[in-house]
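Coordinates as given in final32.pdb (PDB, C-alpha atoms):
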```pdb
ATOM      1  CA  MET Z   1      -1.517   9.039 -19.459
ATOM      2  CA  GLY Z   2      -3.040   9.057 -15.977
ATOM      3  CA  VAL Z   3      -1.599   7.512 -12.842
ATOM      4  CA  HIS Z   4      -4.188   6.635 -10.223
ATOM      5  CA  ALA Z   5      -3.632   5.591  -6.607
ATOM      6  CA  LEU Z   6      -6.026   2.978  -5.248
ATOM      7  CA  ILE Z   7      -5.740   3.024  -1.462
ATOM      8  CA  PHE Z   8      -7.244   0.066   0.356
ATOM      9  CA  ALA Z   9      -8.679   0.950   3.773
ATOM     10  CA  GLY Z  10     -11.227  -1.809   4.175
ATOM     11  CA  GLY Z  11      -9.667  -3.855   6.985
ATOM     12  CA  VAL Z  12     -11.130  -4.006  10.488
ATOM     13  CA  GLY Z  13      -7.806  -4.531  12.269
ATOM     14  CA  ARG Z  14      -8.500  -7.615  14.402
ATOM     15  CA  ARG Z  15      -4.768  -8.155  14.998
ATOM     16  CA  MET Z  16      -4.387  -4.731  16.573
ATOM     17  CA  GLY Z  17      -5.713  -5.995  19.876
ATOM     18  CA  GLY Z  18      -7.904  -3.824  22.097
ATOM     19  CA  SER Z  19      -8.302  -0.892  19.724
ATOM     20  CA  THR Z  20     -11.834   0.465  19.334
ATOM     21  CA  ARG Z  21     -11.220   1.666  15.770
ATOM     22  CA  PRO Z  22      -9.849   0.088  12.577
ATOM     23  CA  LYS Z  23      -6.046   0.141  12.368
ATOM     24  CA  GLN Z  24      -5.985   2.618   9.466
ATOM     25  CA  PHE Z  25      -7.702   5.198  11.685
ATOM     26  CA  LEU Z  26      -5.418   4.872  14.705
ATOM     27  CA  GLU Z  27      -3.777   8.216  15.294
ATOM     28  CA  LEU Z  28      -0.210   9.404  15.646
ATOM     29  CA  GLY Z  29       0.499  13.069  16.191
ATOM     30  CA  GLY Z  30      -3.188  13.910  15.804
ATOM     31  CA  ARG Z  31      -3.384  12.270  12.365
ATOM     32  CA  PRO Z  32      -4.823   8.836  11.459
ATOM     33  CA  ILE Z  33      -2.345   6.427   9.890
ATOM     34  CA  ILE Z  34      -4.165   6.522   6.562
ATOM     35  CA  ASP Z  35      -3.703  10.303   6.390
ATOM     36  CA  TYR Z  36       0.066   9.833   6.212
ATOM     37  CA  THR Z  37      -0.395   7.249   3.458
ATOM     38  CA  ILE Z  38      -2.746   9.398   1.399
ATOM     39  CA  ALA Z  39      -0.380  12.357   1.518
ATOM     40  CA  HIS Z  40       2.488  10.435  -0.118
ATOM     41  CA  PHE Z  41       0.383   9.725  -3.204
ATOM     42  CA  ALA Z  42      -1.751  12.879  -3.320
ATOM     43  CA  GLU Z  43       1.365  15.056  -3.259
ATOM     44  CA  HIS Z  44       3.364  12.980  -5.755
ATOM     45  CA  GLU Z  45       3.978  14.764  -9.042
ATOM     46  CA  LEU Z  46       3.022  11.771 -11.221
ATOM     47  CA  VAL Z  47      -0.254  10.824  -9.499
ATOM     48  CA  THR Z  48      -3.311  12.345 -11.170
ATOM     49  CA  SER Z  49      -6.209  10.952  -9.116
ATOM     50  CA  MET Z  50      -7.022   8.686  -6.201
ATOM     51  CA  VAL Z  51      -9.764   6.351  -5.068
ATOM     52  CA  ILE Z  52      -9.937   5.122  -1.486
ATOM     53  CA  VAL Z  53     -11.853   1.948  -0.675
ATOM     54  CA  CYS Z  54     -13.116   2.347   2.876
ATOM     55  CA  LEU Z  55     -15.214   0.527   5.456
ATOM     56  CA  GLU Z  56     -18.643   1.999   4.833
ATOM     57  CA  PRO Z  57     -19.380   3.119   8.447
ATOM     58  CA  TRP Z  58     -16.066   5.019   8.476
ATOM     59  CA  ILE Z  59     -16.569   6.918   5.222
ATOM     60  CA  PRO Z  60     -17.902  10.090   6.954
ATOM     61  CA  TYR Z  61     -14.837  10.140   9.211
ATOM     62  CA  LEU Z  62     -12.487   9.680   6.257
ATOM     63  CA  GLU Z  63     -14.237  12.454   4.332
ATOM     64  CA  HIS Z  64     -13.764  14.696   7.365
ATOM     65  CA  VAL Z  65     -10.032  13.885   7.344
ATOM     66  CA  LEU Z  66      -9.834  14.695   3.619
ATOM     67  CA  ALA Z  67     -11.745  17.944   4.065
ATOM     68  CA  ARG Z  68      -8.910  19.312   6.190
ATOM     69  CA  ARG Z  69      -6.504  18.937   3.264
ATOM     70  CA  TYR Z  70      -6.295  20.800  -0.016
ATOM     71  CA  TYR Z  71      -4.883  18.234  -2.403
ATOM     72  CA  ARG Z  72      -4.492  19.164  -6.065
ATOM     73  CA  ILE Z  73      -5.907  15.848  -7.351
ATOM     74  CA  PRO Z  74      -9.482  14.517  -7.235
ATOM     75  CA  ILE Z  75     -10.008  11.935  -4.487
ATOM     76  CA  ASP Z  76     -13.046   9.632  -4.490
ATOM     77  CA  VAL Z  77     -14.155   7.365  -1.639
ATOM     78  CA  VAL Z  78     -16.075   4.142  -2.301
ATOM     79  CA  PRO Z  79     -17.385   1.531   0.152
ATOM     80  CA  GLY Z  80     -15.484  -1.720   0.584
ATOM     81  CA  GLY Z  81     -16.819  -5.218  -0.041
ATOM     82  CA  GLU Z  82     -17.068  -8.453   1.907
ATOM     83  CA  THR Z  83     -13.461  -9.492   1.226
ATOM     84  CA  GLY Z  84     -10.194  -7.748   0.470
ATOM     85  CA  GLN Z  85     -10.314  -8.920  -3.132
ATOM     86  CA  ASP Z  86     -13.869  -7.654  -3.578
ATOM     87  CA  SER Z  87     -12.926  -4.312  -2.039
ATOM     88  CA  ILE Z  88     -10.013  -3.861  -4.422
ATOM     89  CA  PHE Z  89     -12.300  -4.782  -7.326
ATOM     90  CA  ARG Z  90     -14.696  -2.014  -6.319
ATOM     91  CA  GLY Z  91     -11.876   0.498  -6.501
ATOM     92  CA  VAL Z  92     -10.645  -0.880  -9.823
ATOM     93  CA  LYS Z  93     -14.168  -0.833 -11.276
ATOM     94  CA  HIS Z  94     -14.652   2.760 -10.134
ATOM     95  CA  LEU Z  95     -11.497   3.790 -11.985
ATOM     96  CA  PHE Z  96     -12.215   1.626 -15.047
ATOM     97  CA  GLU Z  97     -15.548   3.382 -15.575
ATOM     98  CA  ARG Z  98     -13.997   6.862 -15.376
ATOM     99  CA  ARG Z  99     -10.394   6.697 -16.613
ATOM    100  CA  GLU Z 100      -8.466   5.542 -19.671
ATOM    101  CA  HIS Z 101      -7.938   1.798 -19.676
ATOM    102  CA  ASP Z 102      -4.252   2.138 -20.537
ATOM    103  CA  ASP Z 103      -3.666   4.298 -17.459
ATOM    104  CA  ILE Z 104      -1.583   3.068 -14.535
ATOM    105  CA  VAL Z 105      -3.091   2.117 -11.179
ATOM    106  CA  LEU Z 106      -1.035   1.875  -7.980
ATOM    107  CA  VAL Z 107      -2.659  -0.427  -5.423
ATOM    108  CA  HIS Z 108      -1.492   0.392  -1.905
ATOM    109  CA  ASP Z 109      -2.448  -0.494   1.663
ATOM    110  CA  GLY Z 110      -3.804   2.352   3.730
ATOM    111  CA  VAL Z 111      -1.683   1.069   6.610
ATOM    112  CA  ARG Z 112       1.651   1.368   4.785
ATOM    113  CA  PRO Z 113       2.367   4.997   5.700
ATOM    114  CA  LEU Z 114       6.158   4.809   5.266
ATOM    115  CA  ILE Z 115       6.265   4.552   1.489
ATOM    116  CA  ASP Z 116       8.403   7.171  -0.262
ATOM    117  CA  ASP Z 117       8.340   9.230  -3.469
ATOM    118  CA  LYS Z 118      11.279   7.381  -5.002
ATOM    119  CA  THR Z 119       9.488   4.018  -4.835
ATOM    120  CA  ILE Z 120       6.231   5.415  -6.210
ATOM    121  CA  THR Z 121       8.129   6.842  -9.164
ATOM    122  CA  ALA Z 122      10.003   3.553  -9.698
ATOM    123  CA  CYS Z 123       6.710   1.626  -9.805
ATOM    124  CA  VAL Z 124       5.223   3.954 -12.419
ATOM    125  CA  ARG Z 125       8.330   3.774 -14.620
ATOM    126  CA  SER Z 126       8.486  -0.011 -14.281
ATOM    127  CA  VAL Z 127       4.900  -0.439 -15.524
ATOM    128  CA  GLU Z 128       5.565   1.913 -18.417
ATOM    129  CA  GLU Z 129       8.698   0.049 -19.493
ATOM    130  CA  ARG Z 130       8.012  -3.570 -18.480
ATOM    131  CA  GLY Z 131       4.560  -4.346 -17.101
ATOM    132  CA  CYS Z 132       2.970  -5.486 -13.834
ATOM    133  CA  THR Z 133       5.174  -4.495 -10.909
ATOM    134  CA  ALA Z 134       5.472  -5.369  -7.234
ATOM    135  CA  THR Z 135       7.393  -3.446  -4.623
ATOM    136  CA  THR Z 136       9.636  -5.750  -2.614
ATOM    137  CA  ALA Z 137      12.114  -5.631   0.254
ATOM    138  CA  PRO Z 138      15.068  -7.956   0.916
ATOM    139  CA  ALA Z 139      14.521 -10.818   3.355
ATOM    140  CA  VAL Z 140      16.721 -10.207   6.396
ATOM    141  CA  GLU Z 141      16.061 -13.481   8.231
ATOM    142  CA  THR Z 142      16.339 -17.142   7.291
ATOM    143  CA  ILE Z 143      13.328 -18.538   5.413
ATOM    144  CA  VAL Z 144      12.385 -22.160   6.080
ATOM    145  CA  VAL Z 145       9.814 -24.392   4.407
ATOM    146  CA  CYS Z 146       8.124 -26.613   6.986
ATOM    147  CA  GLY Z 147       6.914 -30.162   6.461
ATOM    148  CA  ASP Z 148       3.570 -31.651   7.462
ATOM    149  CA  ARG Z 149       4.875 -32.670  10.906
ATOM    150  CA  GLY Z 150       6.378 -29.296  11.737
ATOM    151  CA  GLU Z 151       9.897 -30.221  10.723
ATOM    152  CA  VAL Z 152      12.120 -28.020   8.575
ATOM    153  CA  GLY Z 153      11.778 -29.314   5.029
ATOM    154  CA  SER Z 154      14.185 -26.945   3.308
ATOM    155  CA  ILE Z 155      16.001 -23.667   3.868
ATOM    156  CA  ILE Z 156      15.798 -21.050   1.122
ATOM    157  CA  PRO Z 157      18.856 -18.824   0.626
ATOM    158  CA  ARG Z 158      17.930 -15.257   1.502
ATOM    159  CA  ALA Z 159      19.462 -13.992  -1.728
ATOM    160  CA  GLN Z 160      16.676 -15.806  -3.615
ATOM    161  CA  VAL Z 161      13.824 -14.409  -1.490
ATOM    162  CA  GLU Z 162      12.243 -10.990  -1.216
ATOM    163  CA  LEU Z 163       9.231  -9.763   0.757
ATOM    164  CA  ALA Z 164       6.239  -8.632  -1.303
ATOM    165  CA  ARG Z 165       5.059  -5.178  -0.285
ATOM    166  CA  ALA Z 166       3.231  -2.258  -1.884
ATOM    167  CA  PRO Z 167       2.472  -0.377  -4.016
ATOM    168  CA  GLN Z 168       1.675  -2.935  -6.673
ATOM    169  CA  ALA Z 169       1.312  -1.330 -10.083
ATOM    170  CA  PHE Z 170      -0.587  -2.309 -13.244
ATOM    171  CA  ARG Z 171      -2.276  -1.143 -16.397
ATOM    172  CA  LEU Z 172      -5.836  -0.396 -15.342
ATOM    173  CA  GLY Z 173      -7.502  -2.382 -18.137
ATOM    174  CA  GLU Z 174      -5.391  -5.491 -17.485
ATOM    175  CA  LEU Z 175      -6.135  -5.440 -13.754
ATOM    176  CA  TYR Z 176      -9.860  -4.998 -14.379
ATOM    177  CA  GLU Z 177      -9.884  -7.881 -16.863
ATOM    178  CA  ALA Z 178      -8.144 -10.170 -14.363
ATOM    179  CA  HIS Z 179     -10.673  -9.299 -11.666
ATOM    180  CA  MET Z 180     -13.553 -10.002 -14.043
ATOM    181  CA  ARG Z 181     -12.076 -13.393 -14.960
ATOM    182  CA  ALA Z 182     -11.639 -14.260 -11.290
ATOM    183  CA  ARG Z 183     -15.239 -13.344 -10.534
ATOM    184  CA  ALA Z 184     -16.504 -15.354 -13.509
ATOM    185  CA  GLU Z 185     -14.521 -18.395 -12.336
ATOM    186  CA  GLY Z 186     -15.501 -18.047  -8.685
ATOM    187  CA  LEU Z 187     -11.935 -17.346  -7.557
ATOM    188  CA  ASP Z 188     -12.111 -15.065  -4.543
ATOM    189  CA  GLU Z 189      -9.164 -15.921  -2.295
ATOM    190  CA  PHE Z 190      -6.212 -14.125  -3.882
ATOM    191  CA  ILE Z 191      -4.171 -12.505  -1.129
ATOM    192  CA  ASP Z 192      -3.142  -9.525  -3.252
ATOM    193  CA  SER Z 193      -3.180  -8.121  -6.769
ATOM    194  CA  ILE Z 194       0.132  -9.615  -7.921
ATOM    195  CA  SER Z 195      -1.133 -13.078  -6.930
ATOM    196  CA  LEU Z 196      -4.232 -12.466  -9.032
ATOM    197  CA  MET Z 197      -2.275 -11.223 -12.037
ATOM    198  CA  SER Z 198       0.315 -13.995 -11.807
ATOM    199  CA  HIS Z 199      -2.462 -16.608 -11.747
ATOM    200  CA  PHE Z 200      -3.726 -15.320 -15.090
ATOM    201  CA  GLY Z 201      -0.321 -15.478 -16.726
ATOM    202  CA  HIS Z 202       1.087 -11.989 -16.267
ATOM    203  CA  THR Z 203       4.800 -11.635 -15.584
ATOM    204  CA  ILE Z 204       5.434  -9.658 -12.408
ATOM    205  CA  TYR Z 205       8.491  -7.404 -12.258
ATOM    206  CA  THR Z 206       9.916  -5.911  -9.082
ATOM    207  CA  VAL Z 207      11.297  -2.680  -7.715
ATOM    208  CA  GLU Z 208      12.942  -2.504  -4.318
ATOM    209  CA  GLY Z 209      11.288  -0.255  -1.759
ATOM    210  CA  PRO Z 210      12.448   1.086   1.600
ATOM    211  CA  ALA Z 211      12.962  -1.418   4.418
ATOM    212  CA  GLU Z 212      10.703   0.624   6.702
ATOM    213  CA  ASN Z 213       7.719   0.260   4.318
ATOM    214  CA  ILE Z 214       5.940  -2.008   6.810
ATOM    215  CA  LYS Z 215       2.251  -2.778   7.071
ATOM    216  CA  VAL Z 216       0.889  -1.563  10.412
ATOM    217  CA  THR Z 217      -1.272  -4.495  11.523
ATOM    218  CA  THR Z 218      -0.173  -5.245  15.112
ATOM    219  CA  PRO Z 219       0.662  -3.153  18.194
ATOM    220  CA  MET Z 220       4.357  -3.856  17.560
ATOM    221  CA  ASP Z 221       4.016  -2.446  14.027
ATOM    222  CA  TYR Z 222       2.327   0.670  15.394
ATOM    223  CA  TYR Z 223       5.167   1.323  17.820
ATOM    224  CA  ALA Z 224       7.716   0.706  15.052
ATOM    225  CA  PHE Z 225       5.917   3.354  12.962
ATOM    226  CA  LYS Z 226       5.847   5.712  15.947
ATOM    227  CA  GLY Z 227       9.559   5.168  16.603
ATOM    228  CA  TYR Z 228      10.462   5.800  12.980
ATOM    229  CA  MET Z 229       8.503   9.052  12.866
ATOM    230  CA  GLU Z 230      10.054  10.251  16.114
ATOM    231  CA  ALA Z 231      13.551   9.438  14.817
ATOM    232  CA  ARG Z 232      12.807  11.258  11.568
ATOM    233  CA  ASP Z 233      11.603  14.329  13.456
ATOM    234  CA  GLN Z 234      14.786  14.303  15.533
ATOM    235  CA  ARG Z 235      16.936  14.142  12.401
ATOM    236  CA  MET Z 236      15.032  17.059  10.885
ATOM    237  CA  LEU Z 237      15.380  19.064  14.095
ATOM    238  CA  TRP Z 238      19.148  18.572  14.340
ATOM    239  CA  SER Z 239      19.649  19.263  10.632
ATOM    240  CA  GLU Z 240      18.256  22.757  11.189
ATOM    241  CA  TRP Z 241      20.894  23.634  13.805
ATOM    242  CA  PRO Z 242      23.897  25.619  12.573
ATOM    243  CA  GLU Z 243      27.094  23.613  12.330
ATOM    244  CA  GLY Z 244      28.897  23.652  15.657
ATOM    245  CA  ALA Z 245      25.855  24.945  17.578
ATOM    246  CA  GLY Z 246      25.958  23.901  21.203
ATOM    247  CA  ALA Z 247      29.703  23.238  21.142
ATOM    248  CA  ARG Z 248      31.667  24.373  24.163
TER     249      ARG Z 248
END
```
This entry written out as structure tokens:
Amino acid sequence: MGVHALIFAGGVGRRMGGSTRPKQFLELGGRPIIDYTIAHFAEHELVTSMVIVCLEPWIPYLEHVLARRYYRIPIDVVPGGETGQDSIFRGVKHLFERREHDDIVLVHDGVRPLIDDKTITACVRSVEERGCTATTAPAVETIVVCGDRGEVGSIIPRAQVELARAPQAFRLGELYEAHMRARAEGLDEFIDSISLMSHFGHTIYTVEGPAENIKVTTPMDYYAFKGYMEARDQRMLWSEWPEGAGAR
């Protein structure tokens, strides 16, 4: 059985403010954000191939980024579509035409670079044992449902709410079939793949991912990513010091 990562890098990053490049290609430490994301999947022991859906004008740049790496798995790049849903479909179709239909596909945002190996593994095992799977994170703030006039209609207990994140994992054939049904019915506004699959009657199971698995879409998100990486580097640096080093 194959496990294929489908990385979505089709967004233009309007919420990032004054940046001259799409958010997935903003750099940190000399590497674009998407390069961090790709590495998590390309180096994972269970992942057997990858397809990246990219803004067409940025494909040469992405291929240049990939050329500097020597990943063990095949990585294909395909151009994105007019909408997020259409872009994901292009990646799914590319896989469907080349891989076994019972294989697993992990759909992930190119701008979620803080995913970890444990969560990727949990998603694969969940699809194998249960079915369609979404990565989630606990809600840490109060969730309110607002009325038509801006008033608070109801307050949902945090214990009953989780934040939908990525990767989202499926059987390849089932995801392709759902996309084809949506296209046949003119349904093109699903916000993500679990919304699409849920609409067509699939039960969605969950695995909990790391709290830091944010989507880098705003300047604040970028600086949160930067701060996390700097803190991680500091932890790694201090862990290499002999115990008691520097003591007086």
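Environment of (-2.6, -13.2, -12.9): residues at most 12 Å away, judged by only C-alpha atoms, are Z:Cys132, Z:Thr133, Z:Phe170, Z:Glu174, Z:Leu175, Z:Tyr176, Z:Glu177, Z:Ala178, Z:His179, Z:Met180, Z:Arg181, Z:Ala182, Z:Leu187, Z:Phe190, Z:Ile191, Z:Asp192, Z:Ser193, Z:Ile194, Z:Ser195, Z:Leu196, Z:Met197, Z:Ser198, Z:His199, Z:Phe200, Z:Gly201, Z:His202, Z:Thr203, Z:Ile204.
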Practice item. List the neighbours of Asp116 in chain Z out to 9 Å using all atoms listed in the file; skip same-chain residues closer than 2 positions along the sequence, and give me the result as an MDAnalysis selection string. Key: chainID Z and resid 40:41 113:114 118:121 209:210 213
Practice item. Could you list the residues chosen by the PyMOL selection byres ((chain Z and resi 96) around 12) in this structure as number ranges by chain? Key: Z: 2, 4, 6, 51, 89-95, 97-105, 171-177, 179-180
Point to revise | Counting all atoms listed in the file, the option among Z:Val161, Z:Ala211, Z:Ile156, Z:Val107 closest to Ile88 in chain Z | key: Z:Val107
Practice item. Apply the PyMOL selection byres ((chain Z and resi 122) around 12) to the file shown and report the selected residues as a PyMOL selection string. Key: chain Z and resi 46+106+115-121+123-130+133-136+166-169+205-210
Review point. Which of these, Z:Gly150, Z:Asp109, Z:Glu27, Z:Gly131, has the shortest distance to Tyr223 in chain Z once you count all atoms listed in the file?
Key: Z:Glu27
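Distance-wise, CA of Arg112 in chain Z and CA of Tyr228 in chain Z end up 12.8 Å apart.
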Practice item. For Arg72 in chain Z, work out the shell of residues within 9 Å, counting only C-alpha atoms and skipping chain neighbours fewer than 5 positions away, then give it as a ChimeraX atom specification. Key: /Z:42-43,48-49
Review point. Mind telling me what the PyMOL selection byres ((chain Z and resi 138) around 6) catches here, as a ChimeraX atom specification?
Key: /Z:137,139,162
Using only the atoms of range 212-226 of chain Z listed in the file, plus 5 Å on each side, state the axis-aligned box centre and edge lengths in Å rounded to one decimal, as JSON.
```
{"center_x": 4.7, "center_y": 0.2, "center_z": 11.3, "size_x": 22.0, "size_y": 21.0, "size_z": 23.9}
```
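The space between CA of Gly186 in chain Z and CA of Arg165 in chain Z spans 25.7 Å.
Shortest atom-to-atom contact with Val53 in chain Z among Z:Lys23, Z:Asp35, Z:His108, Z:Arg69: Z:His108, counting all atoms listed in the file.
Proximity of Z:Ile73, Z:Val47, Z:Val111, Z:Ala231 to Gly10 in chain Z, computed with all atoms listed in the file, is greatest for Z:Val111.
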Practice item. Would you work out the distance separating CA of Ile34 in chain Z from CA of Ala9 in chain Z, expressed in Å to one decimal? Key: 7.7 Å
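Proximity to Pro74 in chain Z was assessed for Z:Gly30, Z:Ala5, Z:Cys54, Z:Thr20 counting all atoms listed in the file; the smallest distance is recorded for Z:Ala5.
Of the residues under consideration (Z:Arg31, Z:Val145, Z:Phe225, Z:Val216), Z:Arg31 shows the shortest atom-to-atom contact distance to His64 in chain Z when counting only C-alpha atoms.
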